[in-house]
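This is protein06.cif (mmCIF, C-alpha atoms).
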data_data
#
loop_
_atom_site.label_atom_id
_atom_site.label_comp_id
_atom_site.auth_asym_id
_atom_site.auth_seq_id
_atom_site.Cartn_x
_atom_site.Cartn_y
_atom_site.Cartn_z
CA MET U 1 -57.79 80.48 360.56
CA GLU U 2 -54.78 79.89 362.74
CA THR U 3 -56.89 78.20 365.42
CA VAL U 4 -58.65 75.92 362.96
CA THR U 5 -55.29 74.59 361.79
CA THR U 6 -54.15 74.07 365.38
CA LEU U 7 -57.30 72.19 366.22
CA LEU U 8 -57.05 70.02 363.12
CA LEU U 9 -53.43 69.18 363.92
CA ALA U 10 -54.35 68.37 367.53
CA PHE U 11 -57.10 66.05 366.29
CA ILE U 12 -54.85 64.20 363.84
CA SER U 13 -52.09 63.92 366.40
CA ILE U 14 -54.33 62.33 369.05
CA VAL U 15 -55.98 59.97 366.54
CA ILE U 16 -52.89 58.72 364.72
CA VAL U 17 -49.55 59.93 366.07
CA ASN U 18 -50.28 59.82 369.80
CA ASN U 19 -52.93 57.09 369.62
CA LEU U 20 -53.74 56.27 373.25
CA VAL U 21 -53.93 52.51 372.72
CA LEU U 22 -50.97 51.96 370.46
CA THR U 23 -48.44 54.43 371.83
CA LYS U 24 -49.55 55.15 375.40
CA PHE U 25 -50.78 51.65 376.35
CA LEU U 26 -54.11 52.93 377.65
CA GLY U 27 -57.30 50.91 377.45
CA ILE U 28 -55.47 47.66 376.85
CA CYS U 29 -58.01 45.56 378.79
CA PRO U 30 -60.97 46.20 376.44
CA TYR U 31 -58.53 46.28 373.51
CA LEU U 32 -57.63 42.65 374.21
CA GLY U 33 -60.95 41.65 375.74
CA VAL U 34 -63.65 42.83 373.33
CA SER U 35 -61.75 42.81 370.07
CA GLY U 36 -62.98 39.33 369.12
CA ARG U 37 -65.77 40.49 366.80
CA ILE U 38 -65.85 43.61 364.70
CA ASP U 39 -69.42 44.69 365.56
CA MET U 40 -68.80 44.40 369.30
CA ALA U 41 -65.53 46.28 368.92
CA PHE U 42 -67.33 49.08 367.10
CA GLY U 43 -70.02 49.24 369.82
CA MET U 44 -67.37 49.51 372.51
CA GLY U 45 -65.55 52.16 370.52
CA MET U 46 -68.69 54.28 370.12
CA ALA U 47 -69.52 54.01 373.84
CA VAL U 48 -65.98 55.03 374.78
CA THR U 49 -66.01 57.97 372.34
CA PHE U 50 -69.26 59.17 373.90
CA VAL U 51 -68.03 58.99 377.49
CA VAL U 52 -64.51 60.22 376.85
CA THR U 53 -65.78 63.37 375.10
CA ILE U 54 -68.08 64.20 377.97
CA SER U 55 -65.67 63.40 380.78
CA GLY U 56 -62.67 65.00 379.10
CA THR U 57 -64.60 68.24 378.74
CA LEU U 58 -66.04 68.13 382.25
CA THR U 59 -62.73 67.33 383.95
CA TRP U 60 -61.04 70.18 382.05
CA MET U 61 -63.73 72.59 383.25
CA ILE U 62 -63.54 71.35 386.84
CA ASP U 63 -59.76 71.40 386.84
CA ASN U 64 -59.39 74.89 385.37
CA TRP U 65 -62.41 76.69 386.77
CA ILE U 66 -62.76 75.13 390.24
CA LEU U 67 -59.71 73.22 391.44
CA MET U 68 -56.93 75.53 390.24
CA PRO U 69 -58.40 78.85 391.44
CA LEU U 70 -59.11 77.30 394.84
CA GLY U 71 -55.73 75.55 395.07
CA LEU U 72 -57.31 72.12 395.50
CA GLU U 73 -55.09 70.24 393.01
CA VAL U 74 -54.48 67.54 395.66
CA THR U 75 -58.01 66.24 395.21
CA ARG U 76 -57.63 66.09 391.42
CA TYR U 77 -57.59 62.31 391.03
CA ILE U 78 -60.58 61.80 393.30
CA CYS U 79 -62.56 64.45 391.42
CA PHE U 80 -61.61 62.98 388.04
CA ILE U 81 -62.67 59.45 388.91
CA LEU U 82 -65.94 60.73 390.42
CA VAL U 83 -66.68 62.76 387.27
CA ILE U 84 -66.00 59.72 385.07
CA ALA U 85 -68.16 57.41 387.16
CA GLY U 86 -70.89 60.07 387.21
CA ALA U 87 -70.65 60.68 383.47
CA VAL U 88 -70.99 56.98 382.73
CA GLN U 89 -74.02 56.79 385.00
CA LEU U 90 -75.61 59.88 383.40
CA VAL U 91 -75.01 58.66 379.88
CA GLU U 92 -76.52 55.33 380.82
CA MET U 93 -79.67 56.88 382.30
CA TYR U 94 -80.06 59.36 379.44
CA LEU U 95 -79.71 56.70 376.77
CA ARG U 96 -82.11 54.33 378.52
CA LYS U 97 -84.76 57.07 378.68
CA PHE U 98 -84.40 58.71 375.27
CA PHE U 99 -82.60 56.27 372.99
CA PRO U 100 -83.62 52.79 374.12
CA MET U 101 -82.43 51.27 370.83
CA LEU U 102 -78.93 52.67 371.24
CA TYR U 103 -78.94 51.64 374.91
CA GLU U 104 -79.79 48.07 373.96
CA SER U 105 -76.96 47.93 371.47
CA PHE U 106 -74.38 49.30 373.94
CA GLY U 107 -75.48 46.72 376.50
CA ILE U 108 -72.81 45.64 378.96
CA PHE U 109 -70.18 48.00 377.55
CA LEU U 110 -71.43 51.16 379.25
CA PRO U 111 -70.78 50.22 382.91
CA LEU U 112 -67.45 48.63 381.94
CA ILE U 113 -66.18 51.96 380.69
CA THR U 114 -65.71 53.41 384.19
CA THR U 115 -62.64 51.25 384.66
CA ASN U 116 -61.28 51.87 381.16
CA CYS U 117 -57.93 53.51 381.72
CA ALA U 118 -58.05 55.31 378.36
CA ILE U 119 -60.58 57.74 379.83
CA LEU U 120 -58.82 58.63 383.08
CA GLY U 121 -55.57 58.56 381.11
CA LEU U 122 -56.82 61.13 378.62
CA CYS U 123 -58.06 63.43 381.40
CA LEU U 124 -54.62 63.23 383.02
CA PHE U 125 -52.80 63.79 379.72
CA ILE U 126 -54.88 66.90 378.97
CA ASN U 127 -53.78 68.20 382.34
CA LEU U 128 -50.15 67.13 381.78
CA TRP U 129 -49.90 68.71 378.32
CA GLY U 130 -51.17 71.98 379.81
CA ILE U 131 -54.03 72.43 377.35
CA ASP U 132 -55.41 75.90 378.09
CA SER U 133 -58.41 76.29 375.80
CA LEU U 134 -61.73 74.55 376.27
CA VAL U 135 -62.22 73.95 372.53
CA GLU U 136 -58.89 72.20 372.23
CA ALA U 137 -59.71 70.00 375.22
CA VAL U 138 -63.02 69.01 373.58
CA VAL U 139 -61.30 68.24 370.27
CA LEU U 140 -58.62 66.16 372.00
CA SER U 141 -61.20 64.19 373.99
CA PHE U 142 -63.25 63.42 370.90
CA GLY U 143 -60.13 62.54 368.95
CA ALA U 144 -59.02 60.14 371.67
CA GLY U 145 -62.33 58.32 371.36
CA VAL U 146 -62.02 58.14 367.57
CA GLY U 147 -58.47 56.85 367.90
CA PHE U 148 -59.57 54.16 370.35
CA THR U 149 -62.39 53.08 368.03
CA MET U 150 -60.02 52.90 365.10
CA ALA U 151 -57.43 50.84 366.97
CA ILE U 152 -59.94 48.37 368.39
CA CYS U 153 -61.68 47.93 365.01
CA ILE U 154 -58.40 47.26 363.19
CA MET U 155 -57.52 44.72 365.88
CA ALA U 156 -60.94 43.05 365.64
CA GLY U 157 -60.57 42.81 361.85
CA ILE U 158 -57.22 41.08 362.21
CA ARG U 159 -58.49 38.73 364.92
CA GLU U 160 -61.45 37.61 362.80
CA LYS U 161 -58.90 36.42 360.23
CA LEU U 162 -56.65 35.00 362.95
CA LYS U 163 -59.33 32.46 363.88
CA PHE U 164 -58.54 30.44 360.77
CA VAL U 165 -54.80 30.45 361.32
CA ASP U 166 -52.92 27.49 362.75
CA VAL U 167 -51.33 29.01 365.85
CA PRO U 168 -48.96 26.93 368.04
CA ASP U 169 -50.77 25.67 371.16
CA CYS U 170 -48.91 27.72 373.72
CA PHE U 171 -49.49 30.93 371.72
CA ALA U 172 -53.26 30.46 371.34
CA GLY U 173 -55.38 33.22 372.87
CA ALA U 174 -53.73 36.17 374.61
CA PRO U 175 -50.07 35.69 373.56
CA ILE U 176 -50.71 35.78 369.81
CA THR U 177 -53.04 38.76 370.28
CA LEU U 178 -50.29 40.64 372.11
CA ILE U 179 -47.75 39.88 369.43
CA THR U 180 -50.20 40.99 366.72
CA ALA U 181 -50.74 44.20 368.68
CA GLY U 182 -46.99 44.67 368.80
CA ILE U 183 -46.69 44.43 365.03
CA LEU U 184 -49.61 46.87 364.71
CA THR U 185 -47.82 49.43 366.91
CA LEU U 186 -44.78 49.00 364.69
CA ALA U 187 -46.94 49.99 361.71
CA PHE U 188 -48.20 53.05 363.56
CA MET U 189 -44.62 54.04 364.43
CA GLY U 190 -44.40 55.19 360.82
CA PHE U 191 -46.56 58.17 361.73
CA ALA U 192 -44.28 59.28 364.57
CA GLY U 193 -42.66 62.62 363.87
CA MET U 194 -45.34 63.54 361.33
CA ILE U 195 -46.69 66.09 363.81
CA LYS U 196 -44.72 67.37 366.76
CA MET F 1 -56.13 27.19 414.05
CA SER F 2 -54.05 25.03 411.75
CA SER F 3 -56.57 25.39 408.92
CA ASN F 4 -56.32 29.15 409.32
CA GLU F 5 -52.54 28.97 409.08
CA ASN F 6 -52.89 26.81 405.99
CA LYS F 7 -55.12 29.42 404.42
CA VAL F 8 -52.60 32.17 405.20
CA SER F 9 -49.70 30.29 403.65
CA SER F 10 -51.68 29.19 400.59
CA THR F 11 -52.89 32.78 400.06
CA LEU F 12 -49.31 33.96 400.42
CA LEU F 13 -48.08 31.63 397.69
CA ALA F 14 -51.07 32.01 395.33
CA GLY F 15 -50.11 35.46 394.06
CA LEU F 16 -46.57 34.43 393.16
CA TRP F 17 -47.38 31.72 390.64
CA LYS F 18 -50.76 29.99 390.71
CA GLU F 19 -52.78 33.20 390.53
CA ASN F 20 -50.04 35.52 389.34
CA PRO F 21 -51.96 38.68 388.41
CA VAL F 22 -50.13 39.33 385.15
CA PHE F 23 -49.35 35.92 383.69
CA ARG F 24 -52.32 33.90 384.92
CA LEU F 25 -55.14 36.39 385.49
CA LEU F 26 -54.16 38.94 382.81
CA LEU F 27 -54.96 41.86 385.10
CA GLY F 28 -53.43 45.33 385.07
CA MET F 29 -51.94 45.13 381.60
CA CYS F 30 -51.54 48.88 381.00
CA PRO F 31 -48.77 49.51 383.56
CA VAL F 32 -47.15 46.19 382.66
CA LEU F 33 -46.69 47.39 379.10
CA ALA F 34 -46.00 51.02 379.87
CA VAL F 35 -43.37 51.03 382.63
CA THR F 36 -41.27 48.00 381.76
CA ALA F 37 -38.81 49.79 379.46
CA ALA F 38 -36.27 49.82 382.31
CA CYS F 39 -35.95 48.15 385.72
CA LYS F 40 -35.93 51.18 387.99
CA PRO F 41 -39.33 52.63 387.04
CA ALA F 42 -40.74 49.09 387.02
CA LEU F 43 -39.59 48.48 390.59
CA THR F 44 -40.90 51.90 391.71
CA MET F 45 -44.24 51.17 390.08
CA GLY F 46 -44.33 47.77 391.80
CA PHE F 47 -43.78 49.33 395.22
CA CYS F 48 -46.51 51.92 394.58
CA VAL F 49 -48.93 49.14 393.66
CA ILE F 50 -48.00 47.12 396.79
CA PHE F 51 -48.56 50.19 398.97
CA VAL F 52 -51.93 51.05 397.46
CA LEU F 53 -53.04 47.40 397.41
CA VAL F 54 -52.19 46.79 401.10
CA CYS F 55 -53.79 50.05 402.28
CA SER F 56 -56.96 49.65 400.22
CA ASN F 57 -57.35 46.00 401.21
CA ILE F 58 -57.06 46.97 404.90
CA VAL F 59 -59.70 49.68 404.60
CA VAL F 60 -62.05 47.60 402.43
CA SER F 61 -61.74 44.63 404.77
CA LEU F 62 -62.53 46.79 407.80
CA MET F 63 -65.59 48.38 406.25
CA ARG F 64 -66.88 45.30 404.43
CA ASN F 65 -69.84 44.86 406.79
CA LEU F 66 -70.93 48.50 406.62
CA LEU F 67 -71.32 48.71 402.85
CA LYS F 68 -74.51 48.68 400.87
CA PRO F 69 -73.99 46.39 397.88
CA HIS F 70 -74.84 48.94 395.18
CA LEU F 71 -72.46 51.55 396.62
CA ARG F 72 -69.66 49.01 396.92
CA ILE F 73 -67.71 49.75 393.74
CA LEU F 74 -67.93 53.50 394.24
CA MET F 75 -66.55 53.24 397.77
CA PHE F 76 -63.74 50.96 396.58
CA THR F 77 -62.79 53.42 393.86
CA LEU F 78 -62.79 56.39 396.25
CA THR F 79 -60.65 54.49 398.79
CA ILE F 80 -58.19 53.53 396.09
CA ALA F 81 -58.10 57.09 394.68
CA THR F 82 -57.24 58.45 398.13
CA PHE F 83 -54.31 56.09 398.61
CA VAL F 84 -53.08 56.66 395.07
CA THR F 85 -53.01 60.41 395.78
CA ILE F 86 -50.93 59.69 398.91
CA ALA F 87 -48.55 57.46 396.94
CA ASP F 88 -48.23 60.07 394.19
CA LEU F 89 -47.41 62.85 396.66
CA LEU F 90 -44.86 60.64 398.46
CA LEU F 91 -43.22 59.79 395.14
CA LYS F 92 -43.10 63.47 394.12
CA ALA F 93 -41.50 64.39 397.45
CA PHE F 94 -38.88 61.63 397.77
CA GLN F 95 -38.31 60.33 394.21
CA PRO F 96 -38.97 63.35 391.96
CA GLU F 97 -37.14 61.92 388.93
CA MET F 98 -39.04 58.62 389.11
CA SER F 99 -42.25 60.62 389.46
CA THR F 100 -41.58 62.45 386.18
CA ALA F 101 -40.48 59.21 384.51
CA LEU F 102 -43.68 57.39 385.45
CA GLY F 103 -45.84 60.45 384.71
CA PRO F 104 -49.56 59.73 384.52
CA TYR F 105 -49.11 56.01 385.09
CA VAL F 106 -49.01 56.53 388.88
CA PRO F 107 -52.51 58.11 389.05
CA LEU F 108 -53.62 55.43 386.59
CA ILE F 109 -53.17 52.88 389.40
CA ILE F 110 -56.71 54.00 390.37
CA VAL F 111 -58.20 52.14 387.42
CA ASN F 112 -55.77 49.22 387.65
CA CYS F 113 -57.92 46.11 387.60
CA ILE F 114 -55.69 44.26 390.09
CA ILE F 115 -56.53 46.55 392.97
CA ILE F 116 -60.27 46.80 392.47
CA GLY F 117 -60.31 43.09 391.61
CA ARG F 118 -58.64 42.09 394.89
CA ALA F 119 -60.89 44.46 396.86
CA GLU F 120 -63.91 42.78 395.30
CA ALA F 121 -62.70 39.17 395.25
CA CYS F 122 -60.78 38.98 398.51
CA ALA F 123 -60.91 41.92 400.91
CA SER F 124 -64.68 42.37 400.85
CA LYS F 125 -65.16 38.73 401.93
CA ASN F 126 -62.25 37.96 404.28
CA ASP F 127 -60.95 39.19 407.62
CA LEU F 128 -58.09 41.62 408.07
CA LEU F 129 -55.20 39.12 408.26
CA ILE F 130 -56.08 37.24 405.09
CA SER F 131 -56.69 40.52 403.23
CA ILE F 132 -53.27 41.89 404.16
CA VAL F 133 -51.52 38.62 403.26
CA ASP F 134 -53.38 38.51 399.97
CA ALA F 135 -52.43 42.10 399.15
CA ILE F 136 -48.74 41.44 399.90
CA SER F 137 -48.75 38.25 397.87
CA MET F 138 -50.51 39.74 394.83
CA GLY F 139 -48.41 42.90 395.00
CA THR F 140 -45.17 40.95 395.19
CA GLY F 141 -46.21 38.70 392.31
CA PHE F 142 -46.99 41.80 390.25
CA THR F 143 -43.70 43.50 391.15
CA ILE F 144 -41.59 40.43 390.36
CA THR F 145 -43.31 40.01 387.00
CA LEU F 146 -42.76 43.68 386.16
CA CYS F 147 -39.09 43.42 387.07
CA VAL F 148 -38.55 40.25 385.01
CA LEU F 149 -40.12 41.81 381.91
CA ALA F 150 -38.26 45.07 382.49
CA ALA F 151 -34.95 43.23 382.94
CA VAL F 152 -35.39 41.45 379.61
CA ARG F 153 -36.29 44.65 377.80
CA GLU F 154 -33.59 46.77 379.42
CA LEU F 155 -30.95 44.12 378.77
CA LEU F 156 -31.80 43.80 375.10
CA SER F 157 -32.31 47.51 374.44
CA THR F 158 -29.29 48.94 376.30
CA GLY F 159 -27.22 45.96 377.48
CA LYS F 160 -27.74 46.98 381.09
CA ILE F 161 -29.80 45.73 384.05
CA PHE F 162 -30.60 48.29 386.76
CA GLU F 163 -28.23 50.63 384.90
CA LEU F 164 -25.31 48.23 385.46
CA THR F 165 -23.61 47.11 382.27
CA VAL F 166 -24.00 43.41 381.59
CA LEU F 167 -23.39 43.24 377.86
CA PRO F 168 -20.82 45.83 376.67
CA THR F 169 -22.33 47.68 373.69
CA VAL F 170 -20.54 48.48 370.45
CA GLU F 171 -20.53 52.19 371.24
CA ALA F 172 -18.65 51.53 374.47
CA GLY F 173 -16.13 49.34 372.70
CA GLY F 174 -17.85 45.98 373.31
CA TRP F 175 -19.62 43.60 370.93
CA PHE F 176 -23.36 43.90 371.74
CA VAL F 177 -25.57 45.73 369.23
CA PRO F 178 -28.55 47.12 371.18
CA TRP F 179 -32.06 46.28 369.96
CA THR F 180 -33.72 49.68 369.88
CA ALA F 181 -37.08 48.06 369.15
CA MET F 182 -37.22 46.61 372.67
CA MET F 183 -37.47 50.11 374.08
CA LEU F 184 -40.42 51.00 371.83
CA PRO F 185 -44.06 49.92 372.34
CA VAL F 186 -43.53 46.91 370.06
CA GLY F 187 -40.94 45.52 372.50
CA ALA F 188 -43.46 45.71 375.33
CA PHE F 189 -46.16 43.80 373.46
CA VAL F 190 -43.86 41.13 372.06
CA THR F 191 -42.00 40.53 375.36
CA LEU F 192 -45.28 40.12 377.22
CA GLY F 193 -46.68 37.85 374.50
CA LEU F 194 -43.62 35.61 374.58
CA GLY F 195 -43.67 35.63 378.41
CA LEU F 196 -47.29 34.44 378.41
CA ALA F 197 -46.45 31.72 375.90
CA ILE F 198 -43.54 30.46 378.05
CA VAL F 199 -45.78 30.39 381.14
CA ASN F 200 -48.37 28.41 379.12
CA VAL F 201 -45.74 25.84 378.15
CA ILE F 202 -44.56 25.42 381.75
CA CYS F 203 -48.15 24.96 382.98
CA LYS F 204 -48.87 22.34 380.33
CA LYS F 205 -45.71 20.45 381.30
CA LYS F 206 -46.76 20.49 384.95
CA GLN F 207 -50.21 19.13 384.20
CA ALA F 208 -48.95 16.33 381.98
#
Just dump the structure as structure tokens.
Amino acid sequence: METVTTLLLAFISIVIVNNLVLTKFLGICPYLGVSGRIDMAFGMGMAVTFVVTISGTLTWMIDNWILMPLGLEVTRYICFILVIAGAVQLVEMYLRKFFPMLYESFGIFLPLITTNCAILGLCLFINLWGIDSLVEAVVLSFGAGVGFTMAICIMAGIREKLKFVDVPDCFAGAPITLITAGILTLAFMGFAGMIK
Amino acid sequence: MSSNENKVSSTLLAGLWKENPVFRLLLGMCPVLAVTAACKPALTMGFCVIFVLVCSNIVVSLMRNLLKPHLRILMFTLTIATFVTIADLLLKAFQPEMSTALGPYVPLIIVNCIIIGRAEACASKNDLLISIVDAISMGTGFTITLCVLAAVRELLSTGKIFELTVLPTVEAGGWFVPWTAMMLPVGAFVTLGLGLAIVNVICKKKQA
């Protein structure tokens, strides 16, 4: 029972309180780049959730079962980025073979995910927070993906409305998006301190 | 020879304003937002990026003729990851407090779009000299931008720049009430948004 509560708290904390996009500034490029339309934002979010769950789990296993016993922590970053690139490639091949419909709908987003800093960032944070159980690492990875999807969908919803707003010339495009994002983080600040 | 010199000097200046990675190309936003709460970590981050950018551009430029096109990105990423590891270890050894302050944002240089973008757009097509000049120019442009944003945020949130008091705060007996919001994520987004808007205005003025 104790562990279930811990896992649930970890999940809520990574989705809302420690949201990677809004409090840790990770994955800002797709957050600003693909948040123009809500369906594209959702597609990106699903693809990221998929890859981040797989690579978060794999990097935890590699880190704890291979690198640490052998004292090879120096090569950690190289291993992590290789695992992520490999996971993206694997997911892409698997989807193309078995779920062609899903593959079609992900489209260009899959290869782009390799350079999404939310994924490498999460792998590094799992290591930094000293997570020592595999289940917790899996839950955190999945939660990070859900949190990213939520943030990018909220942003896309706002931006669809923003199209009809009369924005001053010099603010059109990226600047107004950044300021909107700032106000959104302010809203999420309300959750800070809810869970330690 | 003179055309070559022209190219060097124009590459050198491009990164500072015309192709400034942050304000004009919108590359590498994550560190820009994350480390600009104060000047010192911003400057440290800038130097790390310059180091990694110069080293990776040198290596990529030297091996540009040996690469198979489809393995290109993978090789770039591995090169960058190697140099980021070196930078991270150097930082841990000589600047331990900065290393803890920057935390995971140093290893995150690996996926910083500026570095892989320059490797792809410049170093894989040009000779060694131009690649090095380009790396220095882009890196300096990035560092200066980081420091400007960090100076604004640090000044408004604590009344200090580089930990030197500029505006005496109320607590210390002065008159300035610190804006705590500038230290929080919202300060990062809004400062960058306003910065971009100012740059847009200046560019419009220049064109007109």
Point (-51.8, 34.9, 390.7) neighbourhood (12 Å, all atoms listed in the file) written as a PyMOL selection string | chain F and resi 10-28+114+117-118+134-145
Those selected residues, please, written with C-alpha atoms and delivered as a PDB file, keeping the file's coordinate frame.
ATOM      1  CA  SER F  10     -51.680  29.190 400.590  1.00  0.00           C
ATOM      2  CA  THR F  11     -52.890  32.780 400.060  1.00  0.00           C
ATOM      3  CA  LEU F  12     -49.310  33.960 400.420  1.00  0.00           C
ATOM      4  CA  LEU F  13     -48.080  31.630 397.690  1.00  0.00           C
ATOM      5  CA  ALA F  14     -51.070  32.010 395.330  1.00  0.00           C
ATOM      6  CA  GLY F  15     -50.110  35.460 394.060  1.00  0.00           C
ATOM      7  CA  LEU F  16     -46.570  34.430 393.160  1.00  0.00           C
ATOM      8  CA  TRP F  17     -47.380  31.720 390.640  1.00  0.00           C
ATOM      9  CA  LYS F  18     -50.760  29.990 390.710  1.00  0.00           C
ATOM     10  CA  GLU F  19     -52.780  33.200 390.530  1.00  0.00           C
ATOM     11  CA  ASN F  20     -50.040  35.520 389.340  1.00  0.00           C
ATOM     12  CA  PRO F  21     -51.960  38.680 388.410  1.00  0.00           C
ATOM     13  CA  VAL F  22     -50.130  39.330 385.150  1.00  0.00           C
ATOM     14  CA  PHE F  23     -49.350  35.920 383.690  1.00  0.00           C
ATOM     15  CA  ARG F  24     -52.320  33.900 384.920  1.00  0.00           C
ATOM     16  CA  LEU F  25     -55.140  36.390 385.490  1.00  0.00           C
ATOM     17  CA  LEU F  26     -54.160  38.940 382.810  1.00  0.00           C
ATOM     18  CA  LEU F  27     -54.960  41.860 385.100  1.00  0.00           C
ATOM     19  CA  GLY F  28     -53.430  45.330 385.070  1.00  0.00           C
ATOM     20  CA  ILE F 114     -55.690  44.260 390.090  1.00  0.00           C
ATOM     21  CA  GLY F 117     -60.310  43.090 391.610  1.00  0.00           C
ATOM     22  CA  ARG F 118     -58.640  42.090 394.890  1.00  0.00           C
ATOM     23  CA  ASP F 134     -53.380  38.510 399.970  1.00  0.00           C
ATOM     24  CA  ALA F 135     -52.430  42.100 399.150  1.00  0.00           C
ATOM     25  CA  ILE F 136     -48.740  41.440 399.900  1.00  0.00           C
ATOM     26  CA  SER F 137     -48.750  38.250 397.870  1.00  0.00           C
ATOM     27  CA  MET F 138     -50.510  39.740 394.830  1.00  0.00           C
ATOM     28  CA  GLY F 139     -48.410  42.900 395.000  1.00  0.00           C
ATOM     29  CA  THR F 140     -45.170  40.950 395.190  1.00  0.00           C
ATOM     30  CA  GLY F 141     -46.210  38.700 392.310  1.00  0.00           C
ATOM     31  CA  PHE F 142     -46.990  41.800 390.250  1.00  0.00           C
ATOM     32  CA  THR F 143     -43.700  43.500 391.150  1.00  0.00           C
ATOM     33  CA  ILE F 144     -41.590  40.430 390.360  1.00  0.00           C
ATOM     34  CA  THR F 145     -43.310  40.010 387.000  1.00  0.00           C
TER      35      THR F 145
END
Around range 177-191 of chain F, fit a box with edges along x, y and z, padding it by 8 Å on each side, then list its centre and edge lengths in Å to one decimal as JSON.
{"center_x": -35.9, "center_y": 45.8, "center_z": 372.3, "size_x": 36.6, "size_y": 26.5, "size_z": 22.2}
For the structure shown, which residues end up in the PyMOL selection byres ((chain F) within 7 of (chain U))? Put them as a list in words, please?
-> Met29, Cys30, Leu33, Ala34, Leu78, Ala81, Thr82, Thr85, Pro104, Pro107, Leu108, Val111, Pro185, Val186, Phe189, Val190, Gly193, Leu194, Leu196, Ala197, Asn200 and Val201 of chain F
To one decimal place, how far is CA of Ser157 in chain F from CA of Thr180 in chain F in Å?
-> 5.2 Å
Go ahead and compute the interatomic distance for CA of Gly147 in chain U and CA of Leu90 in chain U, in Å to one decimal.
->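 Rounded to one decimal, the two atoms are 23.3 Å apart.
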Would you write out, as a PyMOL selection string, every residue that the PyMOL selection byres ((chain U and resi 151) around 10) captures in this file?
-> chain U and resi 15-16+19-22+31+35+41+45+145-150+152-156+181+184-185
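For the choices F:Leu155, F:Ala121, F:Val52, F:Cys113, the atom-to-atom distance to Ala87 in chain F is smallest for F:Val52 when using only C-alpha atoms.
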Work out how far apart CA of Ala47 in chain U and CA of Phe191 in chain U are and give it in Å to one decimal.
->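 Value for the CA of Ala47 in chain U-CA of Phe191 in chain U distance: 26.3 Å.
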Quick one: range 74-86 of chain U with N, CA and C atoms, as a PDB file, in the frame of the given file?
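Listed below is the output, rebuild_23.pdb:
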ATOM      1  N   VAL U  74     -54.713  68.821 394.989  1.00  0.00           N
ATOM      2  CA  VAL U  74     -54.480  67.540 395.660  1.00  0.00           C
ATOM      3  C   VAL U  74     -55.637  66.574 395.429  1.00  0.00           C
ATOM      4  N   THR U  75     -56.848  67.118 395.351  1.00  0.00           N
ATOM      5  CA  THR U  75     -58.010  66.240 395.210  1.00  0.00           C
ATOM      6  C   THR U  75     -58.305  65.915 393.753  1.00  0.00           C
ATOM      7  N   ARG U  76     -57.360  66.244 392.855  1.00  0.00           N
ATOM      8  CA  ARG U  76     -57.630  66.090 391.420  1.00  0.00           C
ATOM      9  C   ARG U  76     -58.062  64.682 391.028  1.00  0.00           C
ATOM     10  N   TYR U  77     -57.291  63.679 391.479  1.00  0.00           N
ATOM     11  CA  TYR U  77     -57.590  62.310 391.030  1.00  0.00           C
ATOM     12  C   TYR U  77     -58.961  61.858 391.518  1.00  0.00           C
ATOM     13  N   ILE U  78     -59.282  62.217 392.767  1.00  0.00           N
ATOM     14  CA  ILE U  78     -60.580  61.800 393.300  1.00  0.00           C
ATOM     15  C   ILE U  78     -61.704  62.457 392.505  1.00  0.00           C
ATOM     16  N   CYS U  79     -61.535  63.755 392.204  1.00  0.00           N
ATOM     17  CA  CYS U  79     -62.560  64.450 391.420  1.00  0.00           C
ATOM     18  C   CYS U  79     -62.709  63.816 390.047  1.00  0.00           C
ATOM     19  N   PHE U  80     -61.566  63.539 389.394  1.00  0.00           N
ATOM     20  CA  PHE U  80     -61.610  62.980 388.040  1.00  0.00           C
ATOM     21  C   PHE U  80     -62.383  61.668 388.013  1.00  0.00           C
ATOM     22  N   ILE U  81     -62.048  60.778 388.966  1.00  0.00           N
ATOM     23  CA  ILE U  81     -62.670  59.450 388.910  1.00  0.00           C
ATOM     24  C   ILE U  81     -64.162  59.559 389.232  1.00  0.00           C
ATOM     25  N   LEU U  82     -64.519  60.513 390.121  1.00  0.00           N
ATOM     26  CA  LEU U  82     -65.940  60.730 390.420  1.00  0.00           C
ATOM     27  C   LEU U  82     -66.670  61.248 389.185  1.00  0.00           C
ATOM     28  N   VAL U  83     -66.047  62.203 388.471  1.00  0.00           N
ATOM     29  CA  VAL U  83     -66.680  62.760 387.270  1.00  0.00           C
ATOM     30  C   VAL U  83     -66.895  61.648 386.246  1.00  0.00           C
ATOM     31  N   ILE U  84     -65.870  60.782 386.074  1.00  0.00           N
ATOM     32  CA  ILE U  84     -66.000  59.720 385.070  1.00  0.00           C
ATOM     33  C   ILE U  84     -67.120  58.761 385.445  1.00  0.00           C
ATOM     34  N   ALA U  85     -67.113  58.334 386.725  1.00  0.00           N
ATOM     35  CA  ALA U  85     -68.160  57.410 387.160  1.00  0.00           C
ATOM     36  C   ALA U  85     -69.532  58.055 386.994  1.00  0.00           C
ATOM     37  N   GLY U  86     -69.622  59.348 387.349  1.00  0.00           N
ATOM     38  CA  GLY U  86     -70.890  60.070 387.210  1.00  0.00           C
ATOM     39  C   GLY U  86     -71.305  60.194 385.761  1.00  0.00           C
TER      40      GLY U  86
END
